Amino acid sequence: ILDIPNPMGVLATILHNENRGEPEARLLWKLGPETLLASFTVGIYSDKELIGQSSGESLEIAEEMAARDALRKLFRITSASRPLPVHTKFEQSKPNNSIQDWRSDKLPNLVIA
């Protein structure tokens, strides 16, 4: 679970660090916008490339969830990813970079199991 307070801001910072274009939210489609069961699907684009998408019951929720989807893809996390080990000491591990310093080519701590 990614509990990120401002996913679009974090995504913008990471894309800037990667020398990519600003994230742009676009409405892909909507169903029943004036009904109780409204559904909006938003895509997040950077440099004309779809990097994340998600649905939600409002445009704001769909945009936030699409930004989270884009972050999951950048961080290489899927819903089927195994949880990171708890209570395990990694002797040669370094502290994580802050979001302002994050780049995909600097992933020394990435654990893929």
# chains A, B, ... in the order shown; residues from 1 in each chain; ligands from 1
>>> select_by_dssp(residues="stretch 9-102 of chain A", states="strand (DSSP E or B)", output="list in words")
Glu24, Ala25, Arg26, Leu27, Leu28, Trp29, Lys30, Leu31, Ser39, Phe40, Thr41, Val42, Gly43, Ile44, Tyr45, Ser46, Glu49, Leu50, Ile51, Gly52, Gln53, Ser54, Ser55 and Gly56 of chain A
>>> write_last_selection(atoms="N, CA, C and O atoms", output="mmCIF file, in the first residue's frame")
data_model
loop_
_atom_site.group_PDB
_atom_site.id
_atom_site.type_symbol
_atom_site.label_atom_id
_atom_site.label_comp_id
_atom_site.auth_asym_id
_atom_site.auth_seq_id
_atom_site.Cartn_x
_atom_site.Cartn_y
_atom_site.Cartn_z
ATOM 1 N N GLU A 24 0.516 15.076 -16.799
ATOM 2 C CA GLU A 24 -0.707 15.715 -17.275
ATOM 3 C C GLU A 24 -1.857 14.729 -17.147
ATOM 4 O O GLU A 24 -1.805 13.630 -17.700
ATOM 5 N N ALA A 25 -2.870 15.118 -16.371
ATOM 6 C CA ALA A 25 -4.041 14.260 -16.190
ATOM 7 C C ALA A 25 -5.038 14.531 -17.314
ATOM 8 O O ALA A 25 -5.323 15.690 -17.637
ATOM 9 N N ARG A 26 -5.540 13.455 -17.920
ATOM 10 C CA ARG A 26 -6.537 13.581 -18.983
ATOM 11 C C ARG A 26 -7.686 12.629 -18.703
ATOM 12 O O ARG A 26 -7.475 11.469 -18.325
ATOM 13 N N LEU A 27 -8.887 13.117 -18.908
ATOM 14 C CA LEU A 27 -10.072 12.278 -18.758
ATOM 15 C C LEU A 27 -10.132 11.324 -19.948
ATOM 16 O O LEU A 27 -10.182 11.759 -21.103
ATOM 17 N N LEU A 28 -10.087 10.018 -19.674
ATOM 18 C CA LEU A 28 -10.148 9.030 -20.753
ATOM 19 C C LEU A 28 -11.594 8.699 -21.103
ATOM 20 O O LEU A 28 -11.940 8.594 -22.271
ATOM 21 N N TRP A 29 -12.437 8.500 -20.083
ATOM 22 C CA TRP A 29 -13.865 8.325 -20.310
ATOM 23 C C TRP A 29 -14.615 8.487 -19.008
ATOM 24 O O TRP A 29 -14.049 8.456 -17.924
ATOM 25 N N LYS A 30 -15.930 8.690 -19.151
ATOM 26 C CA LYS A 30 -16.792 8.834 -17.986
ATOM 27 C C LYS A 30 -18.093 8.100 -18.240
ATOM 28 O O LYS A 30 -18.553 7.990 -19.381
ATOM 29 N N LEU A 31 -18.662 7.580 -17.173
ATOM 30 C CA LEU A 31 -19.932 6.867 -17.244
ATOM 31 C C LEU A 31 -20.872 7.446 -16.200
ATOM 32 O O LEU A 31 -20.507 7.552 -15.024
ATOM 33 N N SER A 39 -18.669 7.068 -12.761
ATOM 34 C CA SER A 39 -17.323 6.506 -12.854
ATOM 35 C C SER A 39 -16.519 7.313 -13.865
ATOM 36 O O SER A 39 -16.974 7.548 -14.985
ATOM 37 N N PHE A 40 -15.345 7.741 -13.436
ATOM 38 C CA PHE A 40 -14.446 8.511 -14.286
ATOM 39 C C PHE A 40 -13.133 7.751 -14.392
ATOM 40 O O PHE A 40 -12.644 7.228 -13.394
ATOM 41 N N THR A 41 -12.560 7.699 -15.577
ATOM 42 C CA THR A 41 -11.259 7.081 -15.766
ATOM 43 C C THR A 41 -10.300 8.143 -16.271
ATOM 44 O O THR A 41 -10.569 8.808 -17.276
ATOM 45 N N VAL A 42 -9.208 8.306 -15.538
ATOM 46 C CA VAL A 42 -8.212 9.335 -15.836
ATOM 47 C C VAL A 42 -6.893 8.661 -16.179
ATOM 48 O O VAL A 42 -6.504 7.671 -15.547
ATOM 49 N N GLY A 43 -6.218 9.196 -17.178
ATOM 50 C CA GLY A 43 -4.878 8.745 -17.533
ATOM 51 C C GLY A 43 -3.880 9.836 -17.206
ATOM 52 O O GLY A 43 -4.183 11.022 -17.339
ATOM 53 N N ILE A 44 -2.699 9.451 -16.759
ATOM 54 C CA ILE A 44 -1.618 10.392 -16.503
ATOM 55 C C ILE A 44 -0.603 10.219 -17.630
ATOM 56 O O ILE A 44 -0.121 9.111 -17.871
ATOM 57 N N TYR A 45 -0.303 11.325 -18.297
ATOM 58 C CA TYR A 45 0.627 11.319 -19.415
ATOM 59 C C TYR A 45 1.863 12.139 -19.080
ATOM 60 O O TYR A 45 1.785 13.123 -18.359
ATOM 61 N N SER A 46 2.984 11.708 -19.613
ATOM 62 C CA SER A 46 4.226 12.474 -19.558
ATOM 63 C C SER A 46 4.898 12.308 -20.915
ATOM 64 O O SER A 46 5.102 11.173 -21.369
ATOM 65 N N GLU A 49 3.148 10.039 -23.350
ATOM 66 C CA GLU A 49 3.141 8.611 -23.038
ATOM 67 C C GLU A 49 2.254 8.375 -21.832
ATOM 68 O O GLU A 49 2.381 9.055 -20.810
ATOM 69 N N LEU A 50 1.336 7.406 -21.939
ATOM 70 C CA LEU A 50 0.471 7.046 -20.822
ATOM 71 C C LEU A 50 1.307 6.306 -19.783
ATOM 72 O O LEU A 50 1.865 5.251 -20.074
ATOM 73 N N ILE A 51 1.420 6.891 -18.582
ATOM 74 C CA ILE A 51 2.252 6.271 -17.550
ATOM 75 C C ILE A 51 1.442 5.732 -16.388
ATOM 76 O O ILE A 51 1.977 5.039 -15.520
ATOM 77 N N GLY A 52 0.150 6.032 -16.340
ATOM 78 C CA GLY A 52 -0.710 5.511 -15.285
ATOM 79 C C GLY A 52 -2.156 5.822 -15.593
ATOM 80 O O GLY A 52 -2.460 6.810 -16.262
ATOM 81 N N GLN A 53 -3.053 4.973 -15.094
ATOM 82 C CA GLN A 53 -4.475 5.227 -15.280
ATOM 83 C C GLN A 53 -5.257 4.542 -14.180
ATOM 84 O O GLN A 53 -4.817 3.534 -13.623
ATOM 85 N N SER A 54 -6.418 5.115 -13.867
ATOM 86 C CA SER A 54 -7.273 4.525 -12.847
ATOM 87 C C SER A 54 -8.662 5.134 -12.940
ATOM 88 O O SER A 54 -8.853 6.197 -13.524
ATOM 89 N N SER A 55 -9.613 4.455 -12.325
ATOM 90 C CA SER A 55 -10.996 4.920 -12.275
ATOM 91 C C SER A 55 -11.330 5.363 -10.863
ATOM 92 O O SER A 55 -10.688 4.959 -9.897
ATOM 93 N N GLY A 56 -12.376 6.182 -10.763
ATOM 94 C CA GLY A 56 -12.853 6.632 -9.463
ATOM 95 C C GLY A 56 -14.234 7.225 -9.590
ATOM 96 O O GLY A 56 -14.704 7.511 -10.695
#
>>> residues_around(residues="A:Gln100", least_positions_apart="3", cutoff="12 Å", atoms="only C-alpha atoms", output="PyMOL selection string")
chain A and resi 9-18+96-97+103
>>> residues_around(residues="A:Lys73", least_positions_apart="2", cutoff="12 Å", atoms="only C-alpha atoms", output="compact mmCIF listing (two decimals) with N, CA, C and O atoms, in the first residue's frame")
# COMPACT_ATOMS: atom_id res chain seq x y z
N LEU A 2 0.65 2.11 -0.94
CA LEU A 2 1.39 3.36 -1.00
C LEU A 2 0.55 4.44 -0.33
O LEU A 2 -0.50 4.81 -0.83
N LEU A 11 4.94 12.63 -8.04
CA LEU A 11 5.16 12.20 -9.42
C LEU A 11 5.82 13.30 -10.23
O LEU A 11 6.76 13.05 -11.00
N ILE A 44 -2.70 9.45 -16.76
CA ILE A 44 -1.62 10.39 -16.50
C ILE A 44 -0.60 10.22 -17.63
O ILE A 44 -0.12 9.11 -17.87
N LEU A 50 1.34 7.41 -21.94
CA LEU A 50 0.47 7.05 -20.82
C LEU A 50 1.31 6.31 -19.78
O LEU A 50 1.86 5.25 -20.07
N ILE A 51 1.42 6.89 -18.58
CA ILE A 51 2.25 6.27 -17.55
C ILE A 51 1.44 5.73 -16.39
O ILE A 51 1.98 5.04 -15.52
N GLY A 52 0.15 6.03 -16.34
CA GLY A 52 -0.71 5.51 -15.29
C GLY A 52 -2.16 5.82 -15.59
O GLY A 52 -2.46 6.81 -16.26
N GLN A 53 -3.05 4.97 -15.09
CA GLN A 53 -4.48 5.23 -15.28
C GLN A 53 -5.26 4.54 -14.18
O GLN A 53 -4.82 3.53 -13.62
N ALA A 66 -4.76 7.45 -10.40
CA ALA A 66 -3.93 7.30 -11.60
C ALA A 66 -2.49 7.72 -11.31
O ALA A 66 -1.54 7.10 -11.79
N ALA A 67 -2.32 8.78 -10.51
CA ALA A 67 -0.96 9.19 -10.12
C ALA A 67 -0.30 8.11 -9.28
O ALA A 67 0.89 7.82 -9.44
N ARG A 68 -1.07 7.47 -8.39
CA ARG A 68 -0.52 6.36 -7.58
C ARG A 68 -0.13 5.19 -8.49
O ARG A 68 0.88 4.53 -8.26
N ASP A 69 -0.94 4.93 -9.52
CA ASP A 69 -0.62 3.86 -10.47
C ASP A 69 0.69 4.17 -11.20
O ASP A 69 1.54 3.29 -11.36
N ALA A 70 0.87 5.42 -11.61
CA ALA A 70 2.11 5.81 -12.28
C ALA A 70 3.30 5.66 -11.33
O ALA A 70 4.37 5.18 -11.74
N LEU A 71 3.14 6.02 -10.06
CA LEU A 71 4.22 5.85 -9.08
C LEU A 71 4.56 4.38 -8.88
O LEU A 71 5.73 4.01 -8.79
N PHE A 75 8.19 2.84 -9.42
CA PHE A 75 8.87 2.15 -8.33
C PHE A 75 8.96 0.65 -8.56
O PHE A 75 9.49 -0.08 -7.73
N ARG A 76 8.36 0.19 -9.67
CA ARG A 76 8.38 -1.24 -10.02
C ARG A 76 7.71 -2.10 -8.95
O ARG A 76 8.24 -3.14 -8.54
N ILE A 77 6.54 -1.64 -8.52
CA ILE A 77 5.75 -2.35 -7.52
C ILE A 77 4.46 -2.79 -8.20
O ILE A 77 3.81 -2.00 -8.88
N THR A 78 4.07 -4.03 -8.00
CA THR A 78 2.79 -4.51 -8.51
C THR A 78 1.97 -5.03 -7.33
O THR A 78 2.48 -5.21 -6.23
N SER A 79 0.70 -5.28 -7.60
CA SER A 79 -0.15 -5.81 -6.54
C SER A 79 0.28 -7.23 -6.16
O SER A 79 -0.05 -7.71 -5.08
N SER A 81 3.49 -8.07 -5.88
CA SER A 81 4.84 -8.00 -5.31
C SER A 81 4.84 -8.58 -3.90
O SER A 81 3.90 -8.37 -3.13
N SER A 104 15.49 6.72 -11.34
CA SER A 104 15.41 5.28 -11.60
C SER A 104 16.79 4.66 -11.82
O SER A 104 16.96 3.46 -11.62
>>> select_by_dssp(residues="chain A", states="helix (DSSP H, G or I)", output="count of residues only")
30
>>> decode(residues="chain A", atoms="C-alpha atoms", output="compact mmCIF listing (two decimals), in the first residue's frame")
# COMPACT_ATOMS: atom_id res chain seq x y z
CA ILE A 1 0.00 0.00 0.00
CA LEU A 2 1.39 3.36 -1.00
CA ASP A 3 0.29 6.00 1.51
CA ILE A 4 1.52 9.12 -0.26
CA PRO A 5 -0.19 12.37 0.79
CA ASN A 6 0.32 14.21 -2.54
CA PRO A 7 0.90 11.60 -5.27
CA MET A 8 0.70 14.08 -8.16
CA GLY A 9 3.31 16.34 -6.53
CA VAL A 10 5.62 13.40 -5.84
CA LEU A 11 5.16 12.20 -9.42
CA ALA A 12 5.98 15.67 -10.76
CA THR A 13 9.19 15.75 -8.68
CA ILE A 14 10.29 12.32 -9.87
CA LEU A 15 9.54 13.08 -13.53
CA HIS A 16 11.51 16.34 -13.21
CA ASN A 17 14.46 14.35 -11.78
CA GLU A 18 14.19 11.97 -14.74
CA ASN A 19 14.23 14.94 -17.20
CA ARG A 20 10.73 14.02 -18.37
CA GLY A 21 7.73 16.25 -18.99
CA GLU A 22 5.31 17.33 -16.27
CA PRO A 23 2.53 14.84 -15.51
CA GLU A 24 -0.71 15.72 -17.27
CA ALA A 25 -4.04 14.26 -16.19
CA ARG A 26 -6.54 13.58 -18.98
CA LEU A 27 -10.07 12.28 -18.76
CA LEU A 28 -10.15 9.03 -20.75
CA TRP A 29 -13.86 8.32 -20.31
CA LYS A 30 -16.79 8.83 -17.99
CA LEU A 31 -19.93 6.87 -17.24
CA GLY A 32 -23.07 8.33 -15.68
CA PRO A 33 -21.45 11.56 -14.45
CA GLU A 34 -24.69 12.92 -12.95
CA THR A 35 -25.78 9.65 -11.31
CA LEU A 36 -25.13 7.91 -8.02
CA LEU A 37 -22.89 5.36 -9.76
CA ALA A 38 -20.66 7.80 -11.64
CA SER A 39 -17.32 6.51 -12.85
CA PHE A 40 -14.45 8.51 -14.29
CA THR A 41 -11.26 7.08 -15.77
CA VAL A 42 -8.21 9.33 -15.84
CA GLY A 43 -4.88 8.74 -17.53
CA ILE A 44 -1.62 10.39 -16.50
CA TYR A 45 0.63 11.32 -19.42
CA SER A 46 4.23 12.47 -19.56
CA ASP A 47 5.80 13.37 -22.89
CA LYS A 48 2.69 12.02 -24.69
CA GLU A 49 3.14 8.61 -23.04
CA LEU A 50 0.47 7.05 -20.82
CA ILE A 51 2.25 6.27 -17.55
CA GLY A 52 -0.71 5.51 -15.29
CA GLN A 53 -4.48 5.23 -15.28
CA SER A 54 -7.27 4.52 -12.85
CA SER A 55 -11.00 4.92 -12.28
CA GLY A 56 -12.85 6.63 -9.46
CA GLU A 57 -16.26 7.99 -8.47
CA SER A 58 -15.03 11.56 -9.02
CA LEU A 59 -12.44 13.22 -11.23
CA GLU A 60 -10.31 14.07 -8.19
CA ILE A 61 -10.26 10.49 -6.90
CA ALA A 62 -9.55 9.06 -10.37
CA GLU A 63 -6.66 11.50 -10.87
CA GLU A 64 -5.14 10.68 -7.48
CA MET A 65 -5.43 6.94 -8.10
CA ALA A 66 -3.93 7.30 -11.60
CA ALA A 67 -0.96 9.19 -10.12
CA ARG A 68 -0.52 6.36 -7.58
CA ASP A 69 -0.62 3.86 -10.47
CA ALA A 70 2.11 5.81 -12.28
CA LEU A 71 4.22 5.85 -9.08
CA ARG A 72 3.78 2.09 -8.65
CA LYS A 73 5.05 1.59 -12.18
CA LEU A 74 8.03 3.90 -11.63
CA PHE A 75 8.87 2.15 -8.33
CA ARG A 76 8.38 -1.24 -10.02
CA ILE A 77 5.75 -2.35 -7.52
CA THR A 78 2.79 -4.51 -8.51
CA SER A 79 -0.15 -5.81 -6.54
CA ALA A 80 1.52 -9.24 -6.74
CA SER A 81 4.84 -8.00 -5.31
CA ARG A 82 6.04 -9.82 -2.25
CA PRO A 83 6.22 -7.71 0.90
CA LEU A 84 9.62 -6.50 1.97
CA PRO A 85 11.13 -8.58 4.76
CA VAL A 86 10.60 -7.23 8.26
CA HIS A 87 13.17 -7.54 11.04
CA THR A 88 15.90 -8.40 8.55
CA LYS A 89 19.23 -6.62 8.78
CA PHE A 90 20.80 -5.74 5.46
CA GLU A 91 24.45 -5.20 6.26
CA GLN A 92 25.40 -3.36 3.08
CA SER A 93 22.25 -1.30 2.79
CA LYS A 94 22.31 2.50 2.51
CA PRO A 95 19.58 4.91 3.60
CA ASN A 96 16.90 5.55 1.01
CA ASN A 97 17.10 8.67 -1.12
CA SER A 98 14.54 11.39 -0.54
CA ILE A 99 11.92 11.94 -3.23
CA GLN A 100 13.79 15.07 -4.35
CA ASP A 101 16.87 12.93 -5.10
CA TRP A 102 15.07 9.87 -6.51
CA ARG A 103 16.04 8.67 -10.00
CA SER A 104 15.41 5.28 -11.60
CA ASP A 105 19.11 4.90 -12.41
CA LYS A 106 19.96 5.16 -8.69
CA LEU A 107 18.23 2.12 -7.22
CA PRO A 108 20.90 0.47 -5.05
CA ASN A 109 18.38 -0.68 -2.43
CA LEU A 110 15.87 -2.23 -4.84
CA VAL A 111 14.98 -5.71 -3.60
CA ILE A 112 13.40 -7.92 -6.24
CA ALA A 113 12.44 -11.36 -5.01
